[in-house]
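K.L.:
Next up, structure.tsv (TSV, C-alpha atoms).
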```tsv
chain	number	residue	atom	x	y	z
D	1	GLU	CA	63.54	88.66	80.79
D	2	ARG	CA	67.05	89.11	82.19
D	3	SER	CA	66.59	92.87	82.30
D	4	ALA	CA	63.20	92.58	83.98
D	5	ALA	CA	64.65	90.26	86.64
D	6	SER	CA	67.73	92.41	87.33
D	7	ASN	CA	68.51	94.15	90.61
D	8	MET	CA	68.58	97.47	88.77
D	9	ARG	CA	65.02	97.00	87.58
D	10	SER	CA	63.96	96.11	91.12
D	11	PHE	CA	65.71	99.22	92.43
D	12	ILE	CA	63.94	101.39	89.87
D	13	GLY	CA	60.61	99.88	90.90
D	14	ALA	CA	61.29	100.48	94.59
D	15	ASN	CA	62.07	104.16	93.96
D	16	ARG	CA	59.60	104.99	91.20
D	17	GLN	CA	58.21	108.03	93.06
D	18	GLN	CA	61.61	109.73	93.06
D	19	LEU	CA	62.27	109.16	89.36
D	20	ARG	CA	61.23	111.21	86.36
D	21	GLY	CA	60.76	108.14	84.23
D	22	ASP	CA	61.09	104.39	84.35
D	23	ASP	CA	64.42	103.62	82.76
D	24	TYR	CA	68.17	103.79	83.26
D	25	SER	CA	68.38	107.41	82.07
D	26	ALA	CA	65.95	108.49	84.78
D	27	LEU	CA	67.92	106.57	87.38
D	28	TYR	CA	71.17	108.14	86.20
D	29	ALA	CA	69.66	111.64	86.32
D	30	TRP	CA	68.43	111.05	89.90
D	31	SER	CA	71.91	109.97	91.00
D	32	ILE	CA	73.34	113.28	89.72
D	33	ASP	CA	70.55	115.63	90.79
D	34	SER	CA	70.05	114.18	94.30
D	35	PRO	CA	73.14	112.16	95.23
D	36	ALA	CA	72.43	111.97	98.96
D	37	GLU	CA	68.88	110.75	98.38
D	38	PHE	CA	70.04	108.32	95.71
D	39	TRP	CA	72.81	106.73	97.78
D	40	ALA	CA	70.60	106.49	100.86
D	41	ALA	CA	68.22	104.47	98.69
D	42	VAL	CA	71.10	102.27	97.49
D	43	TRP	CA	72.15	101.68	101.12
D	44	ARG	CA	68.61	100.59	102.03
D	45	PHE	CA	68.07	98.50	98.91
D	46	CYS	CA	71.36	96.63	99.32
D	47	GLY	CA	70.66	95.96	102.98
D	48	VAL	CA	74.01	97.30	104.19
D	49	LYS	CA	74.64	95.95	107.69
D	50	ALA	CA	76.06	98.67	109.91
D	51	ALA	CA	77.18	98.29	113.51
D	52	THR	CA	76.44	101.99	114.01
D	53	PRO	CA	74.24	104.05	111.67
D	54	TYR	CA	75.37	107.03	109.65
D	55	GLY	CA	74.52	110.54	110.78
D	56	ALA	CA	74.38	112.05	107.29
D	57	VAL	CA	74.61	110.49	103.85
D	58	LEU	CA	76.73	113.26	102.35
D	59	SER	CA	78.39	116.40	103.65
D	60	ASP	CA	80.69	118.88	101.91
D	61	ALA	CA	79.36	117.57	98.63
D	62	ALA	CA	80.98	120.30	96.55
D	63	ARG	CA	84.50	119.47	97.73
D	64	MET	CA	86.67	117.10	95.72
D	65	PRO	CA	88.54	115.79	97.57
D	66	GLY	CA	86.83	116.41	100.87
D	67	ALA	CA	83.25	115.19	100.49
D	68	LYS	CA	82.25	112.84	103.33
D	69	TRP	CA	79.97	109.87	102.79
D	70	PHE	CA	77.87	108.13	105.46
D	71	ALA	CA	79.74	109.86	108.29
D	72	GLY	CA	79.48	108.02	111.59
D	73	ALA	CA	78.63	104.64	110.13
D	74	THR	CA	80.76	101.63	111.04
D	75	LEU	CA	80.46	98.25	109.41
D	76	ASN	CA	82.33	95.02	108.84
D	77	PHE	CA	83.09	94.02	105.27
D	78	ALA	CA	83.00	90.28	105.93
D	79	ALA	CA	79.70	90.48	107.80
D	80	ASN	CA	78.11	92.24	104.84
D	81	LEU	CA	79.22	89.43	102.54
D	82	LEU	CA	78.48	86.46	104.78
D	83	ASP	CA	75.76	87.33	107.30
D	84	HIS	CA	72.82	85.88	105.37
D	85	ASP	CA	71.16	82.53	104.76
D	86	ALA	CA	71.99	82.12	101.09
D	87	THR	CA	72.56	78.60	99.80
D	88	GLY	CA	74.16	77.24	96.65
D	89	THR	CA	77.55	78.01	95.19
D	90	ALA	CA	79.52	80.95	96.57
D	91	LEU	CA	82.95	80.56	94.93
D	92	VAL	CA	84.18	78.76	91.83
D	93	PHE	CA	87.88	78.33	91.11
D	94	GLY	CA	89.50	77.21	87.88
D	95	ASN	CA	92.99	77.39	86.40
D	96	GLU	CA	94.86	76.77	83.16
D	97	ARG	CA	95.25	73.08	84.03
D	98	ASP	CA	91.46	72.68	84.08
D	99	ASP	CA	91.48	72.13	87.85
D	100	ARG	CA	88.16	73.20	89.30
D	101	THR	CA	86.84	73.49	92.84
D	102	ALA	CA	83.82	75.20	94.33
D	103	LEU	CA	82.64	76.27	97.77
D	104	THR	CA	79.03	76.58	98.84
D	105	TRP	CA	77.90	79.48	100.99
D	106	GLN	CA	77.70	77.12	103.96
D	107	GLU	CA	81.24	75.88	103.37
D	108	LEU	CA	82.54	79.42	102.89
D	109	ARG	CA	80.96	80.68	106.11
D	110	GLY	CA	82.24	77.66	108.03
D	111	GLN	CA	85.80	77.99	106.75
D	112	VAL	CA	85.89	81.73	107.41
D	113	ALA	CA	84.71	81.13	110.98
D	114	SER	CA	87.38	78.46	111.53
D	115	VAL	CA	90.22	80.58	110.15
D	116	ALA	CA	89.03	83.62	112.10
D	117	ALA	CA	89.02	81.57	115.31
D	118	TRP	CA	92.57	80.40	114.58
D	119	LEU	CA	93.76	83.95	113.89
D	120	ARG	CA	92.10	85.20	117.07
D	121	ALA	CA	93.76	82.44	119.11
D	122	LEU	CA	97.09	83.52	117.61
D	123	GLY	CA	96.48	87.04	118.90
D	124	VAL	CA	95.41	88.76	115.69
D	125	ASP	CA	93.20	91.71	116.63
D	126	ARG	CA	91.73	94.85	115.15
D	127	GLY	CA	94.36	96.82	113.27
D	128	ASP	CA	96.86	93.97	113.02
D	129	ARG	CA	98.10	93.09	109.54
D	130	VAL	CA	97.73	89.78	107.72
D	131	ALA	CA	99.38	89.30	104.33
D	132	ALA	CA	99.34	86.83	101.46
D	133	LEU	CA	101.90	85.88	98.83
D	134	ALA	CA	99.67	83.53	96.95
D	135	ALA	CA	97.84	82.47	93.85
D	136	ASN	CA	94.20	83.52	93.62
D	137	ARG	CA	92.62	80.48	95.26
D	138	PRO	CA	89.46	80.04	97.39
D	139	GLU	CA	91.58	79.52	100.52
D	140	ILE	CA	93.02	83.00	100.09
D	141	VAL	CA	89.56	84.51	99.77
D	142	VAL	CA	88.66	82.67	103.00
D	143	ALA	CA	91.76	84.09	104.70
D	144	MET	CA	90.93	87.62	103.55
D	145	LEU	CA	87.36	87.39	104.84
D	146	ALA	CA	88.51	85.89	108.14
D	147	THR	CA	91.00	88.75	108.54
D	148	ALA	CA	88.35	91.34	107.75
D	149	SER	CA	85.91	89.76	110.20
D	150	LEU	CA	88.34	90.56	113.03
D	151	GLY	CA	88.89	94.14	111.94
D	152	ALA	CA	92.45	93.33	110.91
D	153	VAL	CA	94.10	94.68	107.76
D	154	TRP	CA	94.69	92.52	104.68
D	155	SER	CA	97.39	92.96	102.03
D	156	SER	CA	98.44	90.64	99.23
D	157	CYS	CA	101.05	90.20	96.51
D	158	SER	CA	101.07	88.08	93.40
D	159	PRO	CA	103.31	84.99	93.77
D	160	ASP	CA	105.38	86.03	90.75
D	161	PHE	CA	106.83	88.95	92.75
D	162	GLY	CA	110.46	88.58	93.75
D	163	ALA	CA	111.47	88.75	97.41
D	164	ASP	CA	112.61	92.39	97.24
D	165	ALA	CA	109.36	93.50	95.61
D	166	VAL	CA	107.34	91.64	98.24
D	167	LEU	CA	109.35	93.20	101.05
D	168	ASP	CA	108.88	96.67	99.57
D	169	ARG	CA	105.20	96.17	100.38
D	170	PHE	CA	105.10	93.89	103.41
D	171	GLY	CA	108.11	95.44	105.09
D	172	GLN	CA	106.08	98.61	105.57
D	173	ILE	CA	103.12	96.98	107.30
D	174	ALA	CA	104.79	94.33	109.52
D	175	PRO	CA	102.27	91.50	109.06
D	176	LYS	CA	101.68	89.13	111.95
D	177	VAL	CA	100.61	86.22	109.69
D	178	LEU	CA	101.57	85.33	106.13
D	179	PHE	CA	99.40	83.11	103.92
D	180	VAL	CA	101.16	81.55	100.93
D	181	THR	CA	100.69	79.03	98.17
D	182	ASP	CA	103.60	76.72	97.47
D	183	GLY	CA	103.75	78.07	93.94
D	184	TYR	CA	101.63	78.68	90.88
D	185	PHE	CA	101.14	77.61	87.27
D	186	TYR	CA	101.86	79.81	84.28
D	187	ASN	CA	101.89	79.01	80.59
D	188	GLY	CA	102.15	75.27	81.27
D	189	LYS	CA	104.94	75.62	83.84
D	190	SER	CA	104.81	74.74	87.52
D	191	ILE	CA	106.71	77.40	89.48
D	192	ASP	CA	107.88	76.87	93.06
D	193	THR	CA	107.77	79.95	95.31
D	194	LEU	CA	108.74	78.50	98.69
D	195	MET	CA	112.31	79.80	98.35
D	196	THR	CA	110.88	83.30	97.88
D	197	VAL	CA	108.64	82.76	100.89
D	198	ARG	CA	111.65	81.76	102.98
D	199	ALA	CA	113.61	84.85	101.89
D	200	VAL	CA	110.66	87.08	102.75
D	201	ALA	CA	110.02	85.41	106.11
D	202	GLU	CA	113.65	85.84	107.15
D	203	ARG	CA	113.23	89.61	106.83
D	204	LEU	CA	109.87	89.86	108.58
D	205	PRO	CA	110.86	89.12	112.18
D	206	GLN	CA	107.42	90.00	113.54
D	207	LEU	CA	105.76	87.05	111.77
D	208	ALA	CA	104.00	84.77	114.23
D	209	ALA	CA	102.96	82.17	111.65
D	210	ILE	CA	103.09	81.17	107.99
D	211	VAL	CA	100.09	79.33	106.56
D	212	ILE	CA	100.69	77.24	103.46
D	213	VAL	CA	98.02	76.42	100.89
D	214	PRO	CA	99.16	73.37	98.87
D	215	TYR	CA	98.73	74.07	95.18
D	216	ARG	CA	101.60	72.68	93.11
D	217	THR	CA	101.77	69.55	95.26
D	218	ALA	CA	99.45	67.99	97.81
D	219	GLU	CA	102.20	67.79	100.45
D	220	PRO	CA	104.71	70.63	100.05
D	221	ASP	CA	107.97	70.46	101.99
D	222	PHE	CA	107.91	73.44	104.33
D	223	ARG	CA	110.45	72.31	106.92
D	224	ALA	CA	112.67	75.31	106.14
D	225	LEU	CA	109.92	77.79	107.02
D	226	PRO	CA	109.57	79.00	110.62
D	227	ASN	CA	106.24	78.57	112.45
D	228	ALA	CA	104.62	77.10	109.35
D	229	THR	CA	101.38	75.17	109.20
D	230	LEU	CA	99.06	73.90	106.49
D	231	PHE	CA	95.81	75.69	105.73
D	232	ARG	CA	93.76	72.55	106.24
D	233	ASP	CA	94.94	72.38	109.85
D	234	LEU	CA	93.22	75.73	110.50
D	235	LEU	CA	89.86	74.19	109.60
D	236	ARG	CA	90.00	71.67	112.46
```
Using structure tokens, write down the structure that the file contains.

P.N.:
Amino acid sequence: ERSAASNMRSFIGANRQQLRGDDYSALYAWSIDSPAEFWAAVWRFCGVKAATPYGAVLSDAARMPGAKWFAGATLNFAANLLDHDATGTALVFGNERDDRTALTWQELRGQVASVAAWLRALGVDRGDRVAALAANRPEIVVAMLATASLGAVWSSCSPDFGADAVLDRFGQIAPKVLFVTDGYFYNGKSIDTLMTVRAVAERLPQLAAIVIVPYRTAEPDFRALPNATLFRDLLR
């Protein structure tokens, strides 16, 4: 029943005329024998939302590297994830302390729109960089999608990186905004990272703002951080 209800089975059914069979092997063979036709069908089936259409599915197919896919097409990653009317649960978060939170699709779309509006008001535009030094929380997914919705560039580091390791990455891209958690949990320990955040911020003079996601504590002390605000204030 699960196999019959799968997207792959639906895809096979929608492209039965192109297949020499009715199973995964036939689908696999089609993808190898006719890659341009196959991936055009995937594009249609998945409902990819493009601002401008592609001119050709595949050119210079024999070159590796050098093959070009969907040349001419432009699209927005966030729009393809969020521009729909789905309901129900979109994100579920859990950690080693058995904390659990969830966001519905409606909540996710609303939060992304709010954070995107805040970033836009701050002057973040297409091609600007937004970075995160943060635990893998729903707020960081929201920030990534909001960044992508504006055409800006997202980069992130794990919060267990030291300041020098973070700067090796972020120093190259000059982010305009930095999203952070106040720490993380590992193996039963609560680890504060705000000192690392401060050391990083001091060496990123182009930062216009630091956004803090409370994680270790509900009200982290961020007075030592320049131009800092709490994530929840972005949702207003």

K.L.:
Name all residues at most 8 Å from segment 122-127 of chain D (count all atoms listed in the file; drop same-chain ones fewer than 5 positions away) and give them as an mmCIF file with C-alpha atoms, in the coordinates of the input.

P.N.:
```cif
data_model
loop_
_atom_site.group_PDB
_atom_site.id
_atom_site.type_symbol
_atom_site.label_atom_id
_atom_site.label_comp_id
_atom_site.auth_asym_id
_atom_site.auth_seq_id
_atom_site.Cartn_x
_atom_site.Cartn_y
_atom_site.Cartn_z
ATOM 1 C CA LEU D 150 88.340 90.560 113.030
ATOM 2 C CA GLY D 151 88.890 94.140 111.940
ATOM 3 C CA ALA D 152 92.450 93.330 110.910
ATOM 4 C CA VAL D 153 94.100 94.680 107.760
ATOM 5 C CA LYS D 176 101.680 89.130 111.950
ATOM 6 C CA ALA D 208 104.000 84.770 114.230
#
```

K.L.:
In the coordinates of the file, take the point (99.4, 75.0, 97.4) and a cut-off of 8 Å; then, counting all atoms listed in the file, name each qualifying protein, DNA or RNA residue as a list in words.

P.N.:
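Counting all atoms listed in the file, I find these residues within 8 Å of (99.4, 75.0, 97.4): Val180, Thr181, Asp182, Gly183, Tyr184, Ile212, Val213, Pro214, Tyr215, Arg216, Thr217, Ala218 and Pro220 of chain D.
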
K.L.:
Export C-alpha atoms of the chosen residues as a PDB file, in the coordinates of the input?

P.N.:
```
ATOM      1  CA  VAL D 180     101.160  81.550 100.930  1.00  0.00           C
ATOM      2  CA  THR D 181     100.690  79.030  98.170  1.00  0.00           C
ATOM      3  CA  ASP D 182     103.600  76.720  97.470  1.00  0.00           C
ATOM      4  CA  GLY D 183     103.750  78.070  93.940  1.00  0.00           C
ATOM      5  CA  TYR D 184     101.630  78.680  90.880  1.00  0.00           C
ATOM      6  CA  ILE D 212     100.690  77.240 103.460  1.00  0.00           C
ATOM      7  CA  VAL D 213      98.020  76.420 100.890  1.00  0.00           C
ATOM      8  CA  PRO D 214      99.160  73.370  98.870  1.00  0.00           C
ATOM      9  CA  TYR D 215      98.730  74.070  95.180  1.00  0.00           C
ATOM     10  CA  ARG D 216     101.600  72.680  93.110  1.00  0.00           C
ATOM     11  CA  THR D 217     101.770  69.550  95.260  1.00  0.00           C
ATOM     12  CA  ALA D 218      99.450  67.990  97.810  1.00  0.00           C
ATOM     13  CA  PRO D 220     104.710  70.630 100.050  1.00  0.00           C
TER      14      PRO D 220
END
```

K.L.:
Between D:Arg198, D:Arg203, D:Val115, D:Ala163, single out the one closest to Pro226 of chain D, counting all atoms listed in the file.

P.N.:
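Comparing D:Arg198, D:Arg203, D:Val115, D:Ala163 against Pro226 of chain D, the winner is D:Arg198.
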
K.L.:
Tell me which of D:Ala143, D:Ala5, D:Ala131, D:Ala40 sits closest to Ala174 of chain D, counting all atoms listed in the file.

P.N.:
D:Ala131

K.L.:
Determine, counting only C-alpha atoms, every residue of protein, DNA or RNA that lies within 12 Å of (64.4, 99.6, 83.0) in the file coordinates, then give the result as a list in words.

P.N.:
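Those residues, ordered by chain and then number, are Glu1, Arg2, Ser3, Ala4, Ala5, Ser6, Asn7, Met8, Arg9, Ser10, Phe11, Ile12, Gly13, Arg16, Leu19, Gly21, Asp22, Asp23, Tyr24, Ser25, Ala26, Leu27 and Tyr28 of chain D.
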
K.L.:
What does the distance between atom CA of Phe222 of chain D and atom CA of Val92 of chain D come to in Å, to one decimal place?

P.N.:
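Value for the atom CA of Phe222 of chain D-atom CA of Val92 of chain D distance: 27.3 Å.
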
K.L.:
Hey, what's within 8 Å of Leu204 of chain D if we count all atoms listed in the file and toss same-chain stuff fewer than 2 positions away? As an NGL selection string, please?

P.N.:
:D and (171 or 174-175 or 200-202 or 206-207)

K.L.:
For a test of reading the model, state the distance in Å between atom CA of Thr229 of chain D and atom CA of Leu119 of chain D, rounded to one decimal.

P.N.:
12.5 Å

K.L.:
Need the shell around Thr104 of chain D: protein/DNA/RNA residues with any atom at most 7 Å away, counting all atoms listed in the file. Skip same-chain ones fewer than 5 positions apart. Format as an MDAnalysis selection string?

P.N.:
chainID D and resid 87:91

K.L.:
So that I can see what lies close to Ala71 of chain D, please list as a count of residues only the residues with an atom at most 10 Å from it, counting all atoms listed in the file and leaving out residues fewer than 5 positions away in the same chain.

P.N.:
7

K.L.:
What is the distance between atom CA of Ala67 of chain D and atom CA of Trp39 of chain D, in Å to one decimal?

P.N.:
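Distance reported for this atom pair: 13.7 Å.
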